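Structure file my_file.txt (compact mmCIF, C-alpha atoms) is printed below.
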# COMPACT_ATOMS: atom_id res chain seq x y z
CA THR E 1 -43.43 37.28 -67.72
CA ASN E 2 -42.45 39.90 -65.18
CA PRO E 3 -41.63 38.14 -61.91
CA SER E 4 -43.13 40.99 -59.97
CA GLN E 5 -46.45 40.33 -61.64
CA THR E 6 -46.55 36.63 -60.88
CA GLY E 7 -45.37 37.07 -57.28
CA ARG E 8 -42.66 34.52 -57.72
CA GLU E 9 -38.96 35.13 -57.68
CA SER E 10 -37.04 34.21 -60.76
CA PRO E 11 -34.84 31.16 -60.37
CA CYS E 12 -32.02 33.19 -61.81
CA ARG E 13 -32.18 35.60 -58.91
CA ARG E 14 -32.63 33.03 -56.11
CA ARG E 15 -29.87 33.30 -53.55
CA PRO E 16 -27.93 30.18 -52.77
CA ALA E 17 -28.41 28.71 -49.30
CA ALA E 18 -25.88 30.04 -46.86
CA GLU E 19 -23.09 27.61 -46.12
CA PRO E 20 -22.29 26.83 -42.48
CA SER E 21 -19.74 29.25 -41.17
CA ARG E 22 -16.36 27.70 -40.62
CA LEU E 23 -16.14 29.57 -37.35
CA THR E 24 -18.96 27.41 -35.97
CA SER E 25 -18.07 24.12 -37.62
CA GLY E 26 -17.21 21.04 -35.61
CA SER E 27 -13.66 21.01 -36.91
CA THR E 28 -13.06 24.46 -35.47
CA SER E 29 -14.53 23.57 -32.09
CA ALA E 30 -12.20 20.63 -31.97
CA ARG E 31 -9.32 23.04 -32.42
CA MET E 32 -10.51 25.27 -29.60
CA PRO E 33 -8.38 24.95 -26.42
CA LYS E 34 -9.92 22.87 -23.71
CA ASP E 35 -10.95 24.45 -20.45
CA PRO E 36 -8.16 24.30 -17.87
CA PRO E 37 -8.77 21.80 -15.07
CA ARG E 38 -10.57 23.27 -12.14
CA VAL E 39 -8.85 23.67 -8.78
CA ASN E 40 -9.92 21.04 -6.28
CA PRO E 41 -10.69 22.81 -2.97
CA GLN E 42 -10.19 19.64 -0.96
CA ALA E 43 -6.76 19.07 -2.51
CA ILE E 44 -5.71 22.66 -1.78
CA GLY E 45 -7.15 22.39 1.72
CA LEU E 46 -4.96 19.35 2.41
CA VAL E 47 -1.89 21.31 1.28
CA VAL E 48 -2.79 24.12 3.68
CA LEU E 49 -3.42 21.66 6.52
CA TYR E 50 -0.06 20.01 5.92
CA GLY E 51 1.68 23.38 6.08
CA VAL E 52 -0.11 24.31 9.30
CA ALA E 53 0.71 20.93 10.86
CA MET E 54 4.41 21.33 10.04
CA VAL E 55 4.52 24.84 11.52
CA VAL E 56 2.72 23.70 14.67
CA ASN E 57 5.05 20.73 14.97
CA GLY E 58 8.12 22.91 14.70
CA LEU E 59 6.89 25.49 17.21
CA LEU E 60 5.74 22.98 19.81
CA SER E 61 8.89 20.92 19.46
CA ALA E 62 10.82 24.09 20.27
CA GLY E 63 8.64 24.65 23.35
CA VAL E 64 6.69 27.60 21.93
CA GLY E 65 3.18 27.80 23.37
CA VAL E 66 3.46 24.71 25.58
CA PRO E 67 4.72 24.24 29.15
CA LEU E 68 6.79 21.14 28.40
CA THR E 69 8.49 19.53 25.43
CA ASN E 70 8.52 15.89 24.42
CA PRO E 71 12.12 15.33 25.61
CA ASN E 72 11.24 16.75 29.05
CA LEU E 73 8.33 14.38 29.45
CA SER E 74 10.18 11.44 27.97
CA ASN E 75 13.12 11.85 30.38
CA THR E 76 10.79 11.85 33.40
CA HIS E 77 9.00 8.73 32.13
CA PRO E 78 11.82 6.26 31.39
CA VAL E 79 9.59 3.32 30.47
CA PRO E 80 11.12 0.30 28.70
CA LEU E 81 9.73 1.22 25.26
CA THR E 82 11.41 4.64 25.27
CA PRO E 83 13.81 5.00 22.32
CA PRO E 84 16.89 7.26 22.40
CA GLY E 85 16.72 10.74 20.93
CA TRP E 86 18.36 9.82 17.62
CA ALA E 87 15.53 7.41 16.81
CA PHE E 88 13.10 10.30 16.33
CA ALA E 89 15.06 11.38 13.26
CA ILE E 90 12.72 9.00 11.42
CA TRP E 91 10.17 11.82 11.46
CA GLY E 92 12.21 13.65 8.83
CA PRO E 93 11.71 11.05 6.07
CA ILE E 94 8.12 10.46 7.19
CA TYR E 95 7.16 14.11 6.88
CA LEU E 96 8.95 14.37 3.52
CA LEU E 97 7.02 11.39 2.18
CA ILE E 98 3.73 12.80 3.46
CA GLY E 99 4.63 16.13 1.89
CA ALA E 100 5.33 14.47 -1.47
CA PHE E 101 1.93 12.79 -1.34
CA VAL E 102 0.22 16.08 -0.47
CA VAL E 103 1.85 17.80 -3.44
CA ALA E 104 1.06 14.94 -5.83
CA GLN E 105 -2.63 14.81 -4.93
CA ALA E 106 -2.94 18.58 -5.49
CA LEU E 107 -1.56 18.55 -9.05
CA PRO E 108 -4.31 19.32 -11.60
CA ARG E 109 -3.90 16.02 -13.44
CA HIS E 110 -4.38 14.05 -10.20
CA ALA E 111 -6.86 16.27 -8.35
CA ALA E 112 -9.90 14.32 -9.56
CA ASP E 113 -8.40 10.86 -9.18
CA PRO E 114 -10.75 8.60 -7.16
CA LEU E 115 -7.91 7.10 -5.11
CA TYR E 116 -6.59 10.47 -4.02
CA ALA E 117 -10.14 11.61 -3.30
CA SER E 118 -10.63 8.63 -0.98
CA LEU E 119 -7.31 9.23 0.78
CA ARG E 120 -7.76 12.94 1.51
CA PRO E 121 -10.13 12.61 4.51
CA TRP E 122 -7.86 10.09 6.22
CA ALA E 123 -4.73 12.10 5.48
CA ALA E 124 -6.42 15.22 6.88
CA LEU E 125 -7.51 13.35 10.00
CA ALA E 126 -3.97 12.02 10.51
CA LEU E 127 -2.41 15.48 10.19
CA ALA E 128 -4.94 17.02 12.56
CA ALA E 129 -4.50 14.22 15.10
CA ASN E 130 -0.73 14.60 14.92
CA ALA E 131 -0.90 18.31 15.76
CA ALA E 132 -3.50 17.74 18.49
CA TRP E 133 -1.39 15.06 20.14
CA LEU E 134 1.50 17.49 20.58
CA PHE E 135 -0.72 19.83 22.57
CA LEU E 136 -2.35 17.10 24.65
CA PHE E 137 0.93 15.42 25.52
CA SER E 138 2.66 18.68 26.38
CA TYR E 139 -0.14 19.57 28.81
CA GLN E 140 0.09 16.10 30.40
CA LEU E 141 -3.41 15.09 29.29
CA PHE E 142 -2.08 11.62 28.79
CA TRP E 143 -5.30 9.64 28.40
CA LEU E 144 -6.69 12.14 25.90
CA ALA E 145 -3.33 11.91 24.14
CA PHE E 146 -3.67 8.11 24.06
CA ALA E 147 -7.15 8.37 22.53
CA ASP E 148 -5.83 10.87 20.00
CA ILE E 149 -2.82 8.82 18.96
CA SER E 150 -5.05 5.75 18.62
CA LEU E 151 -7.25 7.71 16.22
CA TYR E 152 -4.10 8.86 14.44
CA TRP E 153 -3.00 5.24 14.02
CA TYR E 154 -6.44 4.19 12.75
CA ALA E 155 -6.48 6.93 10.11
CA LEU E 156 -3.06 5.86 8.85
CA VAL E 157 -4.00 2.19 8.71
CA ARG E 158 -7.14 3.05 6.74
CA ALA E 159 -5.04 5.05 4.30
CA VAL E 160 -2.61 2.15 3.86
CA GLY E 161 -5.56 -0.15 3.17
CA LEU E 162 -7.02 2.23 0.57
CA VAL E 163 -3.73 2.53 -1.31
CA ALA E 164 -3.59 -1.28 -1.40
CA TYR E 165 -0.09 -1.34 -2.86
CA ASP E 166 1.08 -4.88 -3.53
CA PRO E 167 4.41 -5.30 -5.35
CA THR E 168 3.65 -8.99 -5.91
CA ALA E 169 0.40 -8.34 -7.83
CA THR E 170 0.47 -9.47 -11.46
CA ALA E 171 -2.20 -7.04 -12.70
CA PRO E 172 -1.72 -3.29 -12.23
CA ALA E 173 -4.22 -1.65 -9.90
CA GLU E 174 -6.57 1.04 -11.15
CA GLY E 175 -5.82 4.67 -10.43
CA PRO E 176 -2.43 6.41 -10.27
CA GLY E 177 0.62 4.80 -11.80
CA THR E 178 2.91 2.41 -9.97
CA TRP E 179 5.34 5.08 -8.76
CA LEU E 180 2.61 7.39 -7.48
CA ARG E 181 0.90 4.51 -5.69
CA LEU E 182 4.23 3.40 -4.23
CA GLY E 183 4.88 6.95 -3.00
CA ALA E 184 1.49 7.16 -1.29
CA HIS E 185 2.01 3.74 0.27
CA ALA E 186 5.50 4.60 1.53
CA ALA E 187 4.21 7.78 3.17
CA PHE E 188 1.35 6.17 5.07
CA ALA E 189 3.03 2.82 5.80
CA ALA E 190 6.13 4.46 7.30
CA ASN E 191 3.98 6.76 9.40
CA ALA E 192 1.65 3.98 10.54
CA SER E 193 4.52 1.66 11.46
CA TRP E 194 6.17 4.29 13.66
CA VAL E 195 2.89 5.37 15.24
CA THR E 196 2.19 1.73 16.11
CA VAL E 197 5.20 1.70 18.41
CA ALA E 198 4.47 5.26 19.59
CA THR E 199 0.95 4.24 20.64
CA LEU E 200 2.34 1.41 22.75
CA LEU E 201 4.87 3.82 24.25
CA GLN E 202 2.07 6.23 25.13
CA LEU E 203 0.22 3.43 26.90
CA GLN E 204 3.30 2.61 28.98
CA ILE E 205 3.66 6.26 30.00
CA ASN E 206 0.01 6.34 31.02
CA LEU E 207 0.42 3.21 33.10
CA GLN E 208 3.42 4.74 34.87
CA GLU E 209 1.39 7.86 35.59
CA GLU E 210 -1.26 5.64 37.18
CA GLY E 211 1.31 4.06 39.48
CA TYR E 212 2.12 0.89 37.55
CA TYR E 213 5.60 0.68 36.09
CA PRO E 214 5.50 -1.54 32.97
CA SER E 215 7.25 -4.82 33.60
CA GLU E 216 9.76 -6.42 31.26
CA ASP E 217 7.23 -9.13 30.46
CA LEU E 218 4.59 -6.59 29.44
CA SER E 219 7.15 -4.68 27.40
CA VAL E 220 8.24 -7.81 25.53
CA GLY E 221 4.60 -8.59 24.81
CA MET E 222 4.00 -5.09 23.44
CA LEU E 223 7.05 -5.29 21.23
CA GLY E 224 5.83 -8.69 20.09
CA LEU E 225 2.58 -7.07 18.94
CA ALA E 226 4.47 -4.48 16.91
CA ALA E 227 6.80 -7.08 15.43
CA GLY E 228 3.89 -9.43 14.70
CA LEU E 229 2.02 -6.72 12.81
CA ALA E 230 5.15 -6.00 10.78
CA CYS E 231 5.52 -9.71 9.98
CA TYR E 232 1.89 -9.83 8.85
CA ARG E 233 2.45 -6.85 6.55
CA ALA E 234 5.54 -8.52 5.13
CA HIS E 235 3.67 -11.76 4.48
CA ALA E 236 0.44 -10.27 3.16
CA ARG E 237 1.78 -7.35 1.09
CA ALA E 238 5.57 -7.65 1.00
CA ASP E 239 5.52 -4.34 2.85
CA VAL E 240 9.21 -3.50 3.07
CA VAL E 241 8.53 0.05 4.25
CA TRP E 242 6.46 -0.99 7.26
CA VAL E 243 8.99 -3.66 8.25
CA ALA E 244 11.96 -1.31 7.91
CA VAL E 245 10.45 1.37 10.15
CA THR E 246 9.42 -1.19 12.79
CA ALA E 247 12.95 -2.64 12.71
CA TRP E 248 14.34 0.88 13.20
CA ALA E 249 12.15 1.34 16.26
CA LEU E 250 13.04 -2.03 17.78
CA VAL E 251 16.78 -1.53 17.28
CA ALA E 252 16.52 1.94 18.86
CA ILE E 253 14.60 0.64 21.89
CA ARG E 254 17.14 -2.13 22.38
CA SER E 255 20.05 0.31 22.18
CA ASN E 256 18.51 2.37 24.96
CA GLN E 257 18.73 -0.64 27.27
CA GLN E 258 22.44 -1.25 26.68
CA ALA E 259 25.33 -0.36 28.92
CA GLY E 260 26.39 3.24 28.51
CA SER E 261 22.89 4.54 27.92
CA ASP E 262 21.65 7.32 30.20
CA TRP E 263 18.12 5.93 30.06
CA GLY E 264 16.53 6.17 33.49
CA CYS E 265 19.53 7.84 35.11
CA LEU E 266 18.63 9.94 38.12
CA SER E 267 20.62 12.88 36.80
CA VAL E 268 18.57 12.94 33.58
CA VAL E 269 15.27 12.61 35.42
CA CYS E 270 16.11 15.35 37.91
CA ALA E 271 17.30 17.71 35.17
CA ALA E 272 14.02 17.20 33.28
CA CYS E 273 11.98 17.83 36.44
CA ALA E 274 13.83 21.09 36.98
CA GLU E 275 12.76 22.38 33.56
CA GLY E 276 9.03 22.43 34.31
CA VAL E 277 6.30 21.32 36.70
CA GLN E 278 5.37 17.69 36.14
CA ARG E 279 3.02 15.58 38.21
CA ILE E 280 5.31 12.63 38.24
CA CYS E 281 8.13 14.72 39.71
CA GLU E 282 5.92 15.57 42.68
CA SER E 283 4.50 12.09 43.07
CA LYS E 284 5.47 10.10 46.16
CA ARG E 285 4.67 6.73 44.66

Would you write the structure of this file as structure tokens?
Amino acid sequence: TNPSQTGRESPCRRRPAAEPSRLTSGSTSARMPKDPPRVNPQAIGLVVLYGVAMVVNGLLSAGVGVPLTNPNLSNTHPVPLTPPGWAFAIWGPIYLLIGAFVVAQALPRHAADPLYASLRPWAALALAANAAWLFLFSYQLFWLAFADISLYWYALVRAVGLVAYDPTATAPAEGPGTWLRLGAHAAFAANASWVTVATLLQLQINLQEEGYYPSEDLSVGMLGLAAGLACYRAHARADVVWVAVTAWALVAIRSNQQAGSDWGCLSVVCAACAEGVQRICESKR
């Protein structure tokens, strides 16, 4: 029978069903390269903020854009908690540790990590508060500077709490590996420990500006608060970093009270007053 007459196609001429193309098979899609990780804008923003903060810090420390520098103001306010100039070298390691954290959190493999995501707002707040304090202090807005440095301290303490690094823990914490978590902890703990003492120093300067010179008893009590907080960190978290930075600060403050120190010398105070207009230099209290 002619197939054209019956309207049916001969089985001999039926085309076989088309096989799935290998180009669209699952095995091929598995071999396709994965999409590269997306850039995290918040992570990149923190890198930019860190860079800006470091530039601002360097310029203001050199006296660019401000009427007075920190050494000028420190020399005219020789309160008992003032450390000698060499003690501020601690900022070098602190900024390097913060910089290492900023770089680590921006790497593509860490950009989406929940721990780093939770730390970014507090790190950004700390960097912004640090830069703002330099302006406020240089313009002798001491009470605004105290409020700012208190906020700075709070942001750092929150960051330390979020990292929650505990070398005595038996079970590893979730999130970044041990070394990355240790690096983040070292950055924020070192910064927070130093800013603890710096906040107390700022309060003493403010009190002197208001006409009350901090007594030895008050100074010992303030140092006791800083030392007590360090002891708590050592007991609760075996926080060697926090303790080491606090010890550095206490040793420096003590050295400034020893014989041979020019702390509080009239020649130093007068030289600082000659470098710029300061309220305390004109005060008759």

Box for stretch 95-106 of chain E - axis-aligned, 5 Å on each of the six sides, all listed atoms - centre and size in Å to one decimal, as AutoDock Vina command-line options.
--center_x 3.0 --center_y 15.0 --center_z 0.5 --size_x 21.9 --size_y 17.2 --size_z 22.7

* From the set E:Leu127, E:Ala62, E:Leu73, E:Ala249, which residue has the shortest atom-to-atom contact distance to E:Val47, counting all atoms listed in the file? ->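 Between E:Leu127, E:Ala62, E:Leu73, E:Ala249, the residue approaching E:Val47 most closely is E:Leu127.
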
* Write out as a list in words the residues lying within 9 Å of E:Leu180, counting all atoms listed in the file and excluding same-chain residues fewer than 4 positions away. => Phe101, Ala104, Pro176, Ala184 and His185 of chain E

Residues within 6 Å of stretch 191-201 of chain E, please, as a tab-separated table (two decimals) with C-alpha atoms, keeping the file's coordinate frame. Count only C-alpha atoms; anything in the same chain fewer than 4 positions from it doesn't count.
chain	number	residue	atom	x	y	z
E	81	LEU	CA	9.73	1.22	25.26
E	94	ILE	CA	8.12	10.46	7.19
E	153	TRP	CA	-3.00	5.24	14.02
E	156	LEU	CA	-3.06	5.86	8.85
E	242	TRP	CA	6.46	-0.99	7.26
E	246	THR	CA	9.42	-1.19	12.79

Compile the contact shell of stretch 277-282 of chain E as a PDB file with C-alpha atoms, keeping the file's coordinate frame: residues with an atom at most 12 Å away, counting only C-alpha atoms, same-chain residues fewer than 5 positions apart removed.
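The resulting file, result_9.pdb, is reproduced below:
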ATOM      1  CA  VAL E  66       3.460  24.710  25.580  1.00  0.00           C
ATOM      2  CA  PRO E  67       4.720  24.240  29.150  1.00  0.00           C
ATOM      3  CA  LEU E  68       6.790  21.140  28.400  1.00  0.00           C
ATOM      4  CA  THR E  69       8.490  19.530  25.430  1.00  0.00           C
ATOM      5  CA  ASN E  72      11.240  16.750  29.050  1.00  0.00           C
ATOM      6  CA  LEU E  73       8.330  14.380  29.450  1.00  0.00           C
ATOM      7  CA  SER E  74      10.180  11.440  27.970  1.00  0.00           C
ATOM      8  CA  ASN E  75      13.120  11.850  30.380  1.00  0.00           C
ATOM      9  CA  THR E  76      10.790  11.850  33.400  1.00  0.00           C
ATOM     10  CA  HIS E  77       9.000   8.730  32.130  1.00  0.00           C
ATOM     11  CA  PRO E  78      11.820   6.260  31.390  1.00  0.00           C
ATOM     12  CA  PHE E 137       0.930  15.420  25.520  1.00  0.00           C
ATOM     13  CA  SER E 138       2.660  18.680  26.380  1.00  0.00           C
ATOM     14  CA  TYR E 139      -0.140  19.570  28.810  1.00  0.00           C
ATOM     15  CA  GLN E 140       0.090  16.100  30.400  1.00  0.00           C
ATOM     16  CA  LEU E 141      -3.410  15.090  29.290  1.00  0.00           C
ATOM     17  CA  PHE E 142      -2.080  11.620  28.790  1.00  0.00           C
ATOM     18  CA  ILE E 205       3.660   6.260  30.000  1.00  0.00           C
ATOM     19  CA  ASN E 206       0.010   6.340  31.020  1.00  0.00           C
ATOM     20  CA  LEU E 207       0.420   3.210  33.100  1.00  0.00           C
ATOM     21  CA  GLN E 208       3.420   4.740  34.870  1.00  0.00           C
ATOM     22  CA  GLU E 209       1.390   7.860  35.590  1.00  0.00           C
ATOM     23  CA  GLU E 210      -1.260   5.640  37.180  1.00  0.00           C
ATOM     24  CA  GLY E 211       1.310   4.060  39.480  1.00  0.00           C
ATOM     25  CA  LEU E 266      18.630   9.940  38.120  1.00  0.00           C
ATOM     26  CA  VAL E 269      15.270  12.610  35.420  1.00  0.00           C
ATOM     27  CA  CYS E 270      16.110  15.350  37.910  1.00  0.00           C
ATOM     28  CA  ALA E 271      17.300  17.710  35.170  1.00  0.00           C
ATOM     29  CA  ALA E 272      14.020  17.200  33.280  1.00  0.00           C
TER      30      ALA E 272
END

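The interatomic distance for the pair atom CA of E:Val103 and atom CA of E:Gln42 works out to 12.4 Å.
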
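Proximity ranking of E:Ala190, E:Ile149, E:Ala155, E:Leu162 relative to E:Tyr116 places E:Leu162 first, based on all atoms listed in the file.
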
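The space separating atom CA of E:Ile98 from atom CA of E:Phe188 comes to 7.2 Å.
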
* Quick one: of E:Gly224, E:Leu125, E:Ala132, E:Leu119, who's nearest to E:Tyr154, counting only C-alpha atoms? ->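 Smallest distance to E:Tyr154 is found for E:Leu125.
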
* Kindly indicate which residue among E:Val39, E:Ala117, E:Ala129, E:Ala112 lies nearest to E:Ala53, using all atoms listed in the file for the distances. => E:Ala129

* To do: Just give me the gap between atom CA of E:Pro93 and atom CA of E:Ala259 in Å, one decimal is fine.
  =>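 Between atom CA of E:Pro93 and atom CA of E:Ala259 the gap is 28.9 Å.
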